[in-house]
Every structure is written in structure tokens, then in C-alpha cells.
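Accompanying notes for the structure given below.
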Amino acid sequence: MTRLILPGLLAAAALLSAPAATAQDITDLTAAEAAKAIADKKLTAAELVNALIAKTGDDPGNVYISFDSEGAATAAAAADERVAAGDGLGPLHGVPIVVKDNIASQGLPTTGGTPALKSWIPAEDAPVLARLRDAGAILIGKTNLHELAFGITSNNAAFGAVANAYDPGRFAGGSSGGTGAAIGARLAPAGLGTDTGGSVRIPAALNGVSGLRPTVGRYPAGGIIPISATRDTAGPIARSVADLALFDAVITGTSDDVTAADLTAVRLGVPTVLTENLSPETERLFREALVTLEKAGVTLVDVDISSELDLAAKAGFPIALWEVKRDLAAFLKSSGSGLTLQDVAAGVASPDVKFVFENLVLGDQAIPDDVYAAAMTDLRPLVQSGYAEVFAENRLDALVFPTTPLAAQPISGSDMTVSLNGEDVPTFQTFIRNTDPGSIAGIPGLSLPIGLTADGLPVGLELDGPAFSDRHLLALGLAIEAALPKIRAPK
């Protein structure tokens, strides 16, 4: 891994100079809390950056592909100078963030988690990152991911498997596993992932943090190594819904504040098909959460979305597998990487991803043009209209269901199958079962932590809202987050 670590004495000296907080106190701050503390001169950006560097150490959990301690320290010193000078500060001034390594970053490699791109250093930031930096954020590192974002474990054969924040023997989820694990483990306050079928929400759920998949098209897509223009979007991951709302506002240029919704006026649809065949602990925590929400005044409505799920299942893979051949090839050509789609595919290290590219993208099992066209013109519009009708006819603010059917599973032996209620089931299809349909519809989804299993593993609750209801979904999240018990930090 590329890693630039400040000398230990410098980090230690910075920690000792912190007048009012221990390293643990500092690293537990959310992004909004850190920004306020820095603006109020109760904390310096340098103190926070150095505390995170010290806590990260040599990164045994493979959270990072590039850890830019020197660059972050330089940026932190500049941020502190602006505070001292009384210059105007952005809403994320001095806040260290992490970014999934398929999002272009000026001056640092952007590998996509694949060997062929390990030396590609973009000339400029992706717009989604540039907006965060313009708001004062400091990029401390590029996080590990499932290779080329084509999976949900982040067991990356090229850069190492990402360890879960709560149990290093379990996977972090994916494909944004490094971002989810970094934030869950208190190595950074917040950051960015990308989501094609669940890749922000799944690692958020498995690492005890929150993640937002925005409505497709709300965030700029430029500078992000793609899978599918129809399905891809960047999304923030953080330890509070307030941080998600802050990132969302910065990225979209939204000026309206998000305040917690009145839960007594909220109607949530419970899709039975997404609440079946759960692990016992996921079932327990989900039912306890529903009881808590009802006691807080939420109206729960059973809804049937089985037809929408059937249509989504037929449309989802044809869209992604056809579009990656077009979209990734075009990205590589315009990026200046000097690589072709065939070059990248030839270098893929992870067996599951290699199989996909050799057989389903470039091989004889590739999606025919007419199948893709039917998915786009016949199936996906029906998924979208079906969801819209369910929301409208039931007067729903959102759907509510477990983000994943089970908690994080062991890194070893889980690449292809996992055990669910005594049966070996496909890992990929099982973990995207609940997140993928909304992705195909392009609607926003928010995952919140609802508790820990008996084994101490986080479980997530997802809210899916109507298209472009993102800010209202965040308002729901603020209220539900306050109503649910707060989970403990990892040991």
C-alpha cells in the first residue's frame, strides 16, 4: 500500500499539546462537531489530523490504499492559519475525510482497487470531492474497496481484504468497505463511497455507521471510475445523519436546513418480502426497532412490492453488465490513464471480479444489445412507476426494512457463499437483496445503525424514499436516529 506516515514523535507531540481532549475524545468527533470545534478554536485541525494518524498506525485492517499523512498535515497547518487569521471558513473547514479509491483525487493515485490503475494519478479531483475540499475538508486518505467496485465484501485480492470495524475477522462489506470501516473504527469522521446496488449502505450497516445513497443524478458523476451510468452514484458515509445532511448540502449546493421530522406524522411502509428470511439477530433488532418507532408515533403500513422486485431482478444485471463495457471503456479513454478496458480486465486480481469481466462483460456470456434495450425501455420504467405508486397510494414517507438480511460474515470462506438460517446462500445476491431494487429505480436510500447482535456486530435499518425526496429522507433519519438507542463504538 502507498503510505506516508508522519514520524511517531511528531504525532505524539501533537497529541500531548491538545489542551482539553484526549486522542480518543478527538477521534470520536463527528464531522459537524469537529468543524465547530475548529472554528471555535477549541481544537486545531493539526491536532485532529495527528490524532487520526496515530490511531491509524500501520493500518492492519487494509482500510487504506493511499494514506496521505504528509499532505493532510500540510493542509491542516494551512487550515489552522486561516482560523488564526479570521478568514471566512467553509462548513467543513479543517475536517479530515476519506474517499473511496475509485473517486479521482488530484496528486494521489486513484486505483479503483485494481492493479492496472495503481499508478494512475489524476490531474484533478472528481467534482464531488472538489466540492468537499472547497468547503474546507482535508483528504487524509483513499480507501480500499472491492476490486473495481464489483462486489459486496471488499475482499480485495490486490490490496488485501478490508477488516470490519467491529471484528477484524469479518468483512467490512462493499464495495465501499474501506470508507465504512474507517469511519466505524474512528479513523476518520466521514467520507465518500459509491453505490451501484448497495455499496454505500451495505458497508455503513456492517460497520455501525450511516450512509446515504442519493437519488441518481443529484451528485456529479464526473471523475468516478464507473460501472453503470444508469445506476451509479457517489454517497456520503458518516457516524451521524447530521453529517450526511451536511455533506449532501455541500455537494448539491443546497442551502435549506434539515430538521428532524415529527414522527407522529410519519407513515412508513414495511415491505413483507424484504423482511423475510433474516438471521435471528437481524430479525430481533429489526422488530425491536419497529416497536420503538411505533411507540414514537410512527404509523407502519404493510405493503406489497413483490412485482417491483421481480421486475428489478430482471433489469438490474443486464443494465450494469452492459453499461460497464461502454462506460468504463469511455472513462479510461478520456481519463488520460493510457489504458483500455481490455488492459484493466487482464490485470484483475480478485477471482470473482475476474470471472465477471472474462465471461459476463467481455466473454461469450455478455449481455446482448436487445436484452439491455428491453431492460432500459420496458422493465426499469415499470420499476420506477411501481415504486412511485406504492408511495403515493399508501401516503408513505418511506419504506423501512433491514439493510442486509444478516450481519458481517467471516472474511475467510465467504467469497462465494454464506450461511443463512442453516442454508448456504450466494454471498453477493444475499447481501444486495434488500438494497438493489431501490438502486435500479434510482430512488434515495438511507441506512442507519439499529443495534449490535449478540456477537457484537452492527445491524442496519434502511429507509427508501420517493425520487428526489433526499432532504426529507434525511429529516426522517434525524428523528429516527434520535429515537433509536445509540450503539457503542468498537473496542
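Residue names in the C-alpha cells use chain letters A, B, ... in the order shown, residue numbers from 1 in each chain, and ligand numbers from 1 in the order shown.
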Once you count only C-alpha atoms, what closest atom pair and distance in Å to one decimal does each residue of stretch 353-449 of chain A within 10 Å of stretch 203-220 of chain A have, with rows by chain and rising residue number, as a Markdown table?
```
| residue | atom | partner | partner_atom | distance |
| --- | --- | --- | --- | --- |
| A:Pro402 | CA | A:Ala205 | CA | 9.1 |
| A:Thr403 | CA | A:Ala205 | CA | 6.6 |
| A:Thr404 | CA | A:Ala205 | CA | 7.6 |
| A:Leu406 | CA | A:Leu206 | CA | 9.0 |
| A:Ala407 | CA | A:Leu206 | CA | 6.1 |
| A:Ala408 | CA | A:Leu206 | CA | 5.6 |
| A:Gln409 | CA | A:Leu206 | CA | 9.4 |
| A:Thr435 | CA | A:Arg213 | CA | 10.0 |
| A:Gly438 | CA | A:Thr215 | CA | 9.7 |
| A:Ser439 | CA | A:Val216 | CA | 8.4 |
| A:Ile440 | CA | A:Val216 | CA | 9.6 |
| A:Ala441 | CA | A:Val216 | CA | 9.0 |
| A:Gly442 | CA | A:Val216 | CA | 5.2 |
| A:Ile443 | CA | A:Thr215 | CA | 4.8 |
| A:Pro444 | CA | A:Thr215 | CA | 4.5 |
| A:Gly445 | CA | A:Arg213 | CA | 5.1 |
| A:Leu446 | CA | A:Leu212 | CA | 4.6 |
| A:Ser447 | CA | A:Gly211 | CA | 5.3 |
| A:Leu448 | CA | A:Ser210 | CA | 4.7 |
| A:Pro449 | CA | A:Gly208 | CA | 5.3 |
```
From stretch 139-377 of chain A, collect each residue whose DSSP state is strand (DSSP E) and return the set as a JSON list (two decimals) with all heavy atoms, in the first residue's frame.
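Wrote selection.json, looks like this:
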```json
[["chain", "number", "residue", "atom", "x", "y", "z"],
["A", 139, "LEU", "N", -8.39, 15.89, 2.74],
["A", 139, "LEU", "CA", -8.35, 14.48, 2.34],
["A", 139, "LEU", "C", -7.18, 13.81, 3.04],
["A", 139, "LEU", "O", -6.02, 14.13, 2.79],
["A", 139, "LEU", "CB", -8.21, 14.36, 0.82],
["A", 139, "LEU", "CG", -8.14, 12.94, 0.27],
["A", 139, "LEU", "CD1", -9.41, 12.16, 0.58],
["A", 139, "LEU", "CD2", -7.88, 12.96, -1.24],
["A", 140, "ILE", "N", -7.49, 12.85, 3.91],
["A", 140, "ILE", "CA", -6.43, 12.16, 4.64],
["A", 140, "ILE", "C", -6.05, 10.83, 4.00],
["A", 140, "ILE", "O", -4.95, 10.32, 4.22],
["A", 140, "ILE", "CB", -6.82, 11.96, 6.13],
["A", 140, "ILE", "CG1", -5.60, 11.62, 6.98],
["A", 140, "ILE", "CG2", -7.93, 10.93, 6.28],
["A", 140, "ILE", "CD1", -5.84, 11.66, 8.47],
["A", 141, "GLY", "N", -6.95, 10.26, 3.17],
["A", 141, "GLY", "CA", -6.60, 9.00, 2.53],
["A", 141, "GLY", "C", -7.64, 8.50, 1.56],
["A", 141, "GLY", "O", -8.79, 8.93, 1.58],
["A", 142, "LYS", "N", -7.18, 7.60, 0.69],
["A", 142, "LYS", "CA", -8.03, 6.93, -0.29],
["A", 142, "LYS", "C", -8.27, 5.50, 0.21],
["A", 142, "LYS", "O", -7.34, 4.75, 0.47],
["A", 142, "LYS", "CB", -7.36, 6.91, -1.67],
["A", 142, "LYS", "CG", -7.00, 8.28, -2.22],
["A", 142, "LYS", "CD", -8.23, 9.13, -2.50],
["A", 142, "LYS", "CE", -9.11, 8.58, -3.62],
["A", 142, "LYS", "NZ", -8.45, 8.50, -4.94],
["A", 143, "THR", "N", -9.52, 5.12, 0.30],
["A", 143, "THR", "CA", -9.87, 3.87, 0.97],
["A", 143, "THR", "C", -9.99, 2.69, 0.02],
["A", 143, "THR", "O", -10.35, 2.81, -1.15],
["A", 143, "THR", "CB", -11.17, 4.03, 1.76],
["A", 143, "THR", "OG1", -12.18, 4.57, 0.90],
["A", 143, "THR", "CG2", -10.98, 4.94, 2.95],
["A", 155, "ASN", "N", -13.25, -7.96, -0.07],
["A", 155, "ASN", "CA", -12.14, -8.92, -0.03],
["A", 155, "ASN", "C", -11.35, -8.75, -1.32],
["A", 155, "ASN", "O", -11.62, -9.40, -2.33],
["A", 155, "ASN", "CB", -12.67, -10.35, 0.09],
["A", 155, "ASN", "CG", -13.36, -10.61, 1.41],
["A", 155, "ASN", "OD1", -13.24, -9.82, 2.35],
["A", 155, "ASN", "ND2", -14.08, -11.70, 1.50],
["A", 156, "ASN", "N", -10.39, -7.84, -1.29],
["A", 156, "ASN", "CA", -9.66, -7.43, -2.49],
["A", 156, "ASN", "C", -8.35, -8.21, -2.57],
["A", 156, "ASN", "O", -7.49, -8.08, -1.71],
["A", 156, "ASN", "CB", -9.39, -5.92, -2.43],
["A", 156, "ASN", "CG", -8.82, -5.37, -3.71],
["A", 156, "ASN", "OD1", -7.88, -5.93, -4.27],
["A", 156, "ASN", "ND2", -9.36, -4.26, -4.18],
["A", 160, "GLY", "N", -5.63, -6.47, -0.40],
["A", 160, "GLY", "CA", -5.96, -7.06, 0.88],
["A", 160, "GLY", "C", -7.43, -6.90, 1.23],
["A", 160, "GLY", "O", -8.09, -5.95, 0.80],
["A", 161, "ALA", "N", -7.95, -7.83, 2.01],
["A", 161, "ALA", "CA", -9.34, -7.77, 2.46],
["A", 161, "ALA", "C", -9.49, -6.71, 3.54],
["A", 161, "ALA", "O", -8.67, -6.61, 4.46],
["A", 161, "ALA", "CB", -9.78, -9.13, 3.00],
["A", 190, "ALA", "N", -15.86, 11.17, 8.55],
["A", 190, "ALA", "CA", -16.84, 10.97, 7.48],
["A", 190, "ALA", "C", -16.09, 10.82, 6.16],
["A", 190, "ALA", "O", -14.88, 11.06, 6.07],
["A", 190, "ALA", "CB", -17.81, 12.15, 7.41],
["A", 191, "GLY", "N", -16.82, 10.44, 5.12],
["A", 191, "GLY", "CA", -16.17, 10.27, 3.82],
["A", 191, "GLY", "C", -17.16, 9.92, 2.74],
["A", 191, "GLY", "O", -18.38, 9.98, 2.93],
["A", 192, "LEU", "N", -16.62, 9.52, 1.61],
["A", 192, "LEU", "CA", -17.42, 9.20, 0.43],
["A", 192, "LEU", "C", -17.21, 7.75, -0.01],
["A", 192, "LEU", "O", -16.10, 7.22, 0.04],
["A", 192, "LEU", "CB", -17.04, 10.10, -0.75],
["A", 192, "LEU", "CG", -17.43, 11.57, -0.70],
["A", 192, "LEU", "CD1", -16.91, 12.28, -1.95],
["A", 192, "LEU", "CD2", -18.94, 11.74, -0.57],
["A", 193, "GLY", "N", -18.29, 7.15, -0.45],
["A", 193, "GLY", "CA", -18.25, 5.89, -1.16],
["A", 193, "GLY", "C", -18.99, 6.06, -2.47],
["A", 193, "GLY", "O", -19.37, 7.17, -2.85],
["A", 194, "THR", "N", -19.19, 4.96, -3.16],
["A", 194, "THR", "CA", -20.06, 4.96, -4.33],
["A", 194, "THR", "C", -21.02, 3.79, -4.21],
["A", 194, "THR", "O", -20.73, 2.80, -3.52],
["A", 194, "THR", "CB", -19.29, 4.85, -5.66],
["A", 194, "THR", "OG1", -18.58, 3.59, -5.70],
["A", 194, "THR", "CG2", -18.31, 6.00, -5.82],
["A", 195, "ASP", "N", -22.17, 3.89, -4.86],
["A", 195, "ASP", "CA", -23.23, 2.91, -4.68],
["A", 195, "ASP", "C", -23.88, 2.63, -6.03],
["A", 195, "ASP", "O", -24.44, 3.53, -6.66],
["A", 195, "ASP", "CB", -24.27, 3.47, -3.69],
["A", 195, "ASP", "CG", -25.28, 2.44, -3.22],
["A", 195, "ASP", "OD1", -25.86, 1.75, -4.08],
["A", 195, "ASP", "OD2", -25.50, 2.33, -2.00],
["A", 210, "SER", "N", -23.77, 5.36, 9.34],
["A", 210, "SER", "CA", -24.89, 5.71, 8.47],
["A", 210, "SER", "C", -24.40, 6.04, 7.07],
["A", 210, "SER", "O", -23.29, 6.56, 6.90],
["A", 210, "SER", "CB", -25.64, 6.93, 9.04],
["A", 210, "SER", "OG", -26.19, 6.62, 10.31],
["A", 211, "GLY", "N", -25.22, 5.74, 6.08],
["A", 211, "GLY", "CA", -24.84, 6.01, 4.70],
["A", 211, "GLY", "C", -26.04, 6.42, 3.87],
["A", 211, "GLY", "O", -27.14, 5.90, 4.06],
["A", 212, "LEU", "N", -25.81, 7.37, 2.97],
["A", 212, "LEU", "CA", -26.87, 7.87, 2.08],
["A", 212, "LEU", "C", -26.54, 7.56, 0.64],
["A", 212, "LEU", "O", -25.47, 7.94, 0.14],
["A", 212, "LEU", "CB", -27.02, 9.38, 2.24],
["A", 212, "LEU", "CG", -27.97, 10.06, 1.24],
["A", 212, "LEU", "CD1", -29.42, 9.66, 1.51],
["A", 212, "LEU", "CD2", -27.81, 11.59, 1.29],
["A", 213, "ARG", "N", -27.44, 6.87, -0.03],
["A", 213, "ARG", "CA", -27.40, 6.78, -1.49],
["A", 213, "ARG", "C", -28.39, 7.81, -2.01],
["A", 213, "ARG", "O", -29.61, 7.67, -1.84],
["A", 213, "ARG", "CB", -27.83, 5.39, -1.97],
["A", 213, "ARG", "CG", -27.93, 5.33, -3.51],
["A", 213, "ARG", "CD", -28.65, 4.09, -4.00],
["A", 213, "ARG", "NE", -29.06, 4.25, -5.39],
["A", 213, "ARG", "CZ", -28.32, 3.92, -6.45],
["A", 213, "ARG", "NH1", -27.12, 3.42, -6.27],
["A", 213, "ARG", "NH2", -28.77, 4.12, -7.67],
["A", 233, "THR", "N", -23.90, 6.16, -8.26],
["A", 233, "THR", "CA", -23.87, 7.48, -7.64],
["A", 233, "THR", "C", -22.87, 7.45, -6.49],
["A", 233, "THR", "O", -22.69, 6.42, -5.83],
["A", 233, "THR", "CB", -25.24, 7.92, -7.10],
["A", 233, "THR", "OG1", -25.13, 9.21, -6.50],
["A", 233, "THR", "CG2", -25.79, 6.94, -6.08],
["A", 234, "ALA", "N", -22.21, 8.57, -6.25],
["A", 234, "ALA", "CA", -21.44, 8.73, -5.02],
["A", 234, "ALA", "C", -22.42, 8.93, -3.87],
["A", 234, "ALA", "O", -23.58, 9.31, -4.07],
["A", 234, "ALA", "CB", -20.51, 9.93, -5.14],
["A", 235, "GLY", "N", -21.94, 8.68, -2.65],
["A", 235, "GLY", "CA", -22.77, 8.89, -1.47],
["A", 235, "GLY", "C", -21.93, 9.02, -0.23],
["A", 235, "GLY", "O", -20.88, 8.39, -0.12],
["A", 236, "PRO", "N", -22.36, 9.84, 0.74],
["A", 236, "PRO", "CA", -21.60, 10.03, 1.97],
["A", 236, "PRO", "C", -21.84, 8.92, 3.00],
["A", 236, "PRO", "O", -22.93, 8.35, 3.06],
["A", 236, "PRO", "CB", -22.11, 11.37, 2.49],
["A", 236, "PRO", "CG", -23.52, 11.45, 1.99],
["A", 236, "PRO", "CD", -23.53, 10.74, 0.67],
["A", 237, "ILE", "N", -20.82, 8.65, 3.79],
["A", 237, "ILE", "CA", -20.90, 7.74, 4.93],
["A", 237, "ILE", "C", -20.38, 8.50, 6.14],
["A", 237, "ILE", "O", -19.36, 9.21, 6.05],
["A", 237, "ILE", "CB", -20.07, 6.46, 4.69],
["A", 237, "ILE", "CG1", -20.59, 5.70, 3.46],
["A", 237, "ILE", "CG2", -20.10, 5.55, 5.91],
["A", 237, "ILE", "CD1", -19.77, 4.47, 3.09],
["A", 238, "ALA", "N", -21.07, 8.40, 7.27],
["A", 238, "ALA", "CA", -20.71, 9.18, 8.45],
["A", 238, "ALA", "C", -21.27, 8.50, 9.70],
["A", 238, "ALA", "O", -22.01, 7.52, 9.60],
["A", 238, "ALA", "CB", -21.23, 10.61, 8.34],
["A", 267, "ARG", "N", -45.52, 8.12, 8.03],
["A", 267, "ARG", "CA", -46.03, 6.82, 7.62],
["A", 267, "ARG", "C", -44.91, 6.07, 6.90],
["A", 267, "ARG", "O", -44.37, 6.57, 5.90],
["A", 267, "ARG", "CB", -47.24, 6.96, 6.70],
["A", 267, "ARG", "CG", -48.49, 7.48, 7.39],
["A", 267, "ARG", "CD", -49.59, 7.81, 6.37],
["A", 267, "ARG", "NE", -50.04, 6.64, 5.61],
["A", 267, "ARG", "CZ", -50.99, 5.80, 6.00],
["A", 267, "ARG", "NH1", -51.58, 5.97, 7.18],
["A", 267, "ARG", "NH2", -51.35, 4.80, 5.24],
["A", 268, "LEU", "N", -44.57, 4.90, 7.41],
["A", 268, "LEU", "CA", -43.53, 4.07, 6.80],
["A", 268, "LEU", "C", -44.13, 2.76, 6.31],
["A", 268, "LEU", "O", -44.90, 2.11, 7.04],
["A", 268, "LEU", "CB", -42.42, 3.77, 7.81],
["A", 268, "LEU", "CG", -41.63, 4.97, 8.36],
["A", 268, "LEU", "CD1", -40.58, 4.49, 9.37],
["A", 268, "LEU", "CD2", -40.97, 5.76, 7.23],
["A", 269, "GLY", "N", -43.80, 2.37, 5.11],
["A", 269, "GLY", "CA", -44.26, 1.11, 4.55],
["A", 269, "GLY", "C", -43.29, -0.01, 4.87],
["A", 269, "GLY", "O", -42.08, 0.15, 4.72],
["A", 270, "VAL", "N", -43.81, -1.13, 5.32],
["A", 270, "VAL", "CA", -42.98, -2.30, 5.65],
["A", 270, "VAL", "C", -43.22, -3.34, 4.56],
["A", 270, "VAL", "O", -44.27, -4.00, 4.54],
["A", 270, "VAL", "CB", -43.34, -2.87, 7.03],
["A", 270, "VAL", "CG1", -42.41, -4.03, 7.37],
["A", 270, "VAL", "CG2", -43.27, -1.79, 8.10],
["A", 271, "PRO", "N", -42.28, -3.50, 3.62],
["A", 271, "PRO", "CA", -42.46, -4.49, 2.55],
["A", 271, "PRO", "C", -42.15, -5.90, 3.07],
["A", 271, "PRO", "O", -41.00, -6.22, 3.36],
["A", 271, "PRO", "CB", -41.45, -4.05, 1.49],
["A", 271, "PRO", "CG", -40.45, -3.20, 2.20],
["A", 271, "PRO", "CD", -41.06, -2.73, 3.47],
["A", 299, "THR", "N", -46.59, 5.61, 12.06],
["A", 299, "THR", "CA", -47.59, 4.69, 11.53],
["A", 299, "THR", "C", -46.91, 3.73, 10.57],
["A", 299, "THR", "O", -46.28, 4.17, 9.60],
["A", 299, "THR", "CB", -48.71, 5.43, 10.81],
["A", 299, "THR", "OG1", -49.36, 6.32, 11.73],
["A", 299, "THR", "CG2", -49.74, 4.46, 10.23],
["A", 300, "LEU", "N", -47.01, 2.43, 10.83],
["A", 300, "LEU", "CA", -46.42, 1.41, 9.97],
["A", 300, "LEU", "C", -47.51, 0.77, 9.12],
["A", 300, "LEU", "O", -48.58, 0.44, 9.62],
["A", 300, "LEU", "CB", -45.71, 0.34, 10.81],
["A", 300, "LEU", "CG", -44.56, 0.83, 11.70],
["A", 300, "LEU", "CD1", -44.01, -0.32, 12.52],
["A", 300, "LEU", "CD2", -43.45, 1.45, 10.84],
["A", 301, "VAL", "N", -47.21, 0.62, 7.84],
["A", 301, "VAL", "CA", -48.18, 0.09, 6.88],
["A", 301, "VAL", "C", -47.54, -1.07, 6.12],
["A", 301, "VAL", "O", -46.48, -0.91, 5.52],
["A", 301, "VAL", "CB", -48.60, 1.18, 5.87],
["A", 301, "VAL", "CG1", -49.65, 0.63, 4.90],
["A", 301, "VAL", "CG2", -49.10, 2.43, 6.58],
["A", 302, "ASP", "N", -48.15, -2.24, 6.16],
["A", 302, "ASP", "CA", -47.65, -3.35, 5.36],
["A", 302, "ASP", "C", -47.91, -3.07, 3.89],
["A", 302, "ASP", "O", -49.03, -2.68, 3.51],
["A", 302, "ASP", "CB", -48.35, -4.65, 5.76],
["A", 302, "ASP", "CG", -47.92, -5.15, 7.13],
["A", 302, "ASP", "OD1", -46.79, -4.83, 7.56],
["A", 302, "ASP", "OD2", -48.72, -5.85, 7.79],
["A", 303, "VAL", "N", -46.89, -3.26, 3.05],
["A", 303, "VAL", "CA", -47.04, -3.00, 1.62],
["A", 303, "VAL", "C", -46.47, -4.18, 0.83],
["A", 303, "VAL", "O", -45.59, -4.90, 1.31],
["A", 303, "VAL", "CB", -46.34, -1.69, 1.19],
["A", 303, "VAL", "CG1", -47.00, -0.49, 1.84],
["A", 303, "VAL", "CG2", -44.86, -1.72, 1.51]]
```
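Minimum distance to A:Gly336 across A:Ser240, A:Ser119, A:Ser385, A:Ser66 (counting only C-alpha atoms) occurs at A:Ser119.
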A:Ala313 environment, 9 Å, only C-alpha atoms, sequence neighbours closer than 4 positions dropped, as a PyMOL selection string
chain A and resi 308-309+317+436-437+440
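Counting only C-alpha atoms, the residue from A:Ala242, A:Ile224, A:Leu117, A:Ile103 that sits nearest to A:Leu478 is A:Ala242.
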Any idea what's packed within 12 Å of stretch 72-79 of chain A, counting only C-alpha atoms, ignoring anything in its chain fewer than 5 positions away? Could you give it as a VMD selection string?
chain A and resid 4 to 7 10 to 11 14 35 38 to 39 41 43 to 53 66 to 67 84 to 90 92 to 98 108 133 to 142
Counting only C-alpha atoms, what is within 8 Å of A:Val353, bar same-chain residues fewer than 2 positions away, as a ChimeraX atom specification?
/A:147-148,150-151,348-351,355-357
Give the alpha helix (DSSP H) residues of stretch 81-169 of chain A, as assigned by DSSP on the backbone, as an NGL selection string.
:A and (81-85 or 127-134)
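Taking atom CA of A:Leu145 and atom CA of A:Ala346 as the two end points, the separation is 18.6 Å.
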Which neighbours of stretch 360-374 of chain A fall inside 6 Å, counting only C-alpha atoms, when residues of the same chain fewer than 3 positions from it are skipped, and could you give them as a count of residues only?
8
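What separates atom CA of A:Thr56 from atom CA of A:Lys100 is a distance of 16.5 Å.
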Using only C-alpha atoms, which protein or nucleic acid residues come within 10 Å of A:Arg326? Drop anything in the same chain fewer than 6 positions from it, and give the result as a PDB file with N, CA and C atoms, in the first residue's frame.
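And here's result.pdb as it stands now:
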```pdb
ATOM      1  N   PRO A 226     -16.431   4.229 -13.368  1.00  0.00           N
ATOM      2  CA  PRO A 226     -17.841   3.819 -13.395  1.00  0.00           C
ATOM      3  C   PRO A 226     -18.064   2.321 -13.519  1.00  0.00           C
ATOM      4  N   ILE A 227     -19.266   1.929 -13.155  1.00  0.00           N
ATOM      5  CA  ILE A 227     -19.852   0.662 -13.576  1.00  0.00           C
ATOM      6  C   ILE A 227     -20.999   0.950 -14.528  1.00  0.00           C
ATOM      7  N   SER A 228     -21.962   1.764 -14.065  1.00  0.00           N
ATOM      8  CA  SER A 228     -23.200   1.946 -14.813  1.00  0.00           C
ATOM      9  C   SER A 228     -23.707   3.370 -14.653  1.00  0.00           C
ATOM     10  N   ALA A 229     -23.757   4.116 -15.742  1.00  0.00           N
ATOM     11  CA  ALA A 229     -24.251   5.495 -15.676  1.00  0.00           C
ATOM     12  C   ALA A 229     -25.688   5.549 -15.179  1.00  0.00           C
ATOM     13  N   LEU A 341     -10.133  -0.946 -21.753  1.00  0.00           N
ATOM     14  CA  LEU A 341     -10.938  -1.858 -20.948  1.00  0.00           C
ATOM     15  C   LEU A 341     -10.277  -3.234 -20.890  1.00  0.00           C
ATOM     16  N   VAL A 361     -18.784  -9.697 -19.181  1.00  0.00           N
ATOM     17  CA  VAL A 361     -18.587  -8.382 -19.803  1.00  0.00           C
ATOM     18  C   VAL A 361     -17.924  -8.522 -21.165  1.00  0.00           C
TER      19      VAL A 361
END
```
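The space between atom CA of A:Val390 and atom CA of A:Thr252 spans 27.3 Å.
Between A:Leu290 and the candidates A:Glu462, A:Asp352, A:Asp455, A:Asp304, the tightest atom-to-atom separation, counting only C-alpha atoms, involves A:Glu462.
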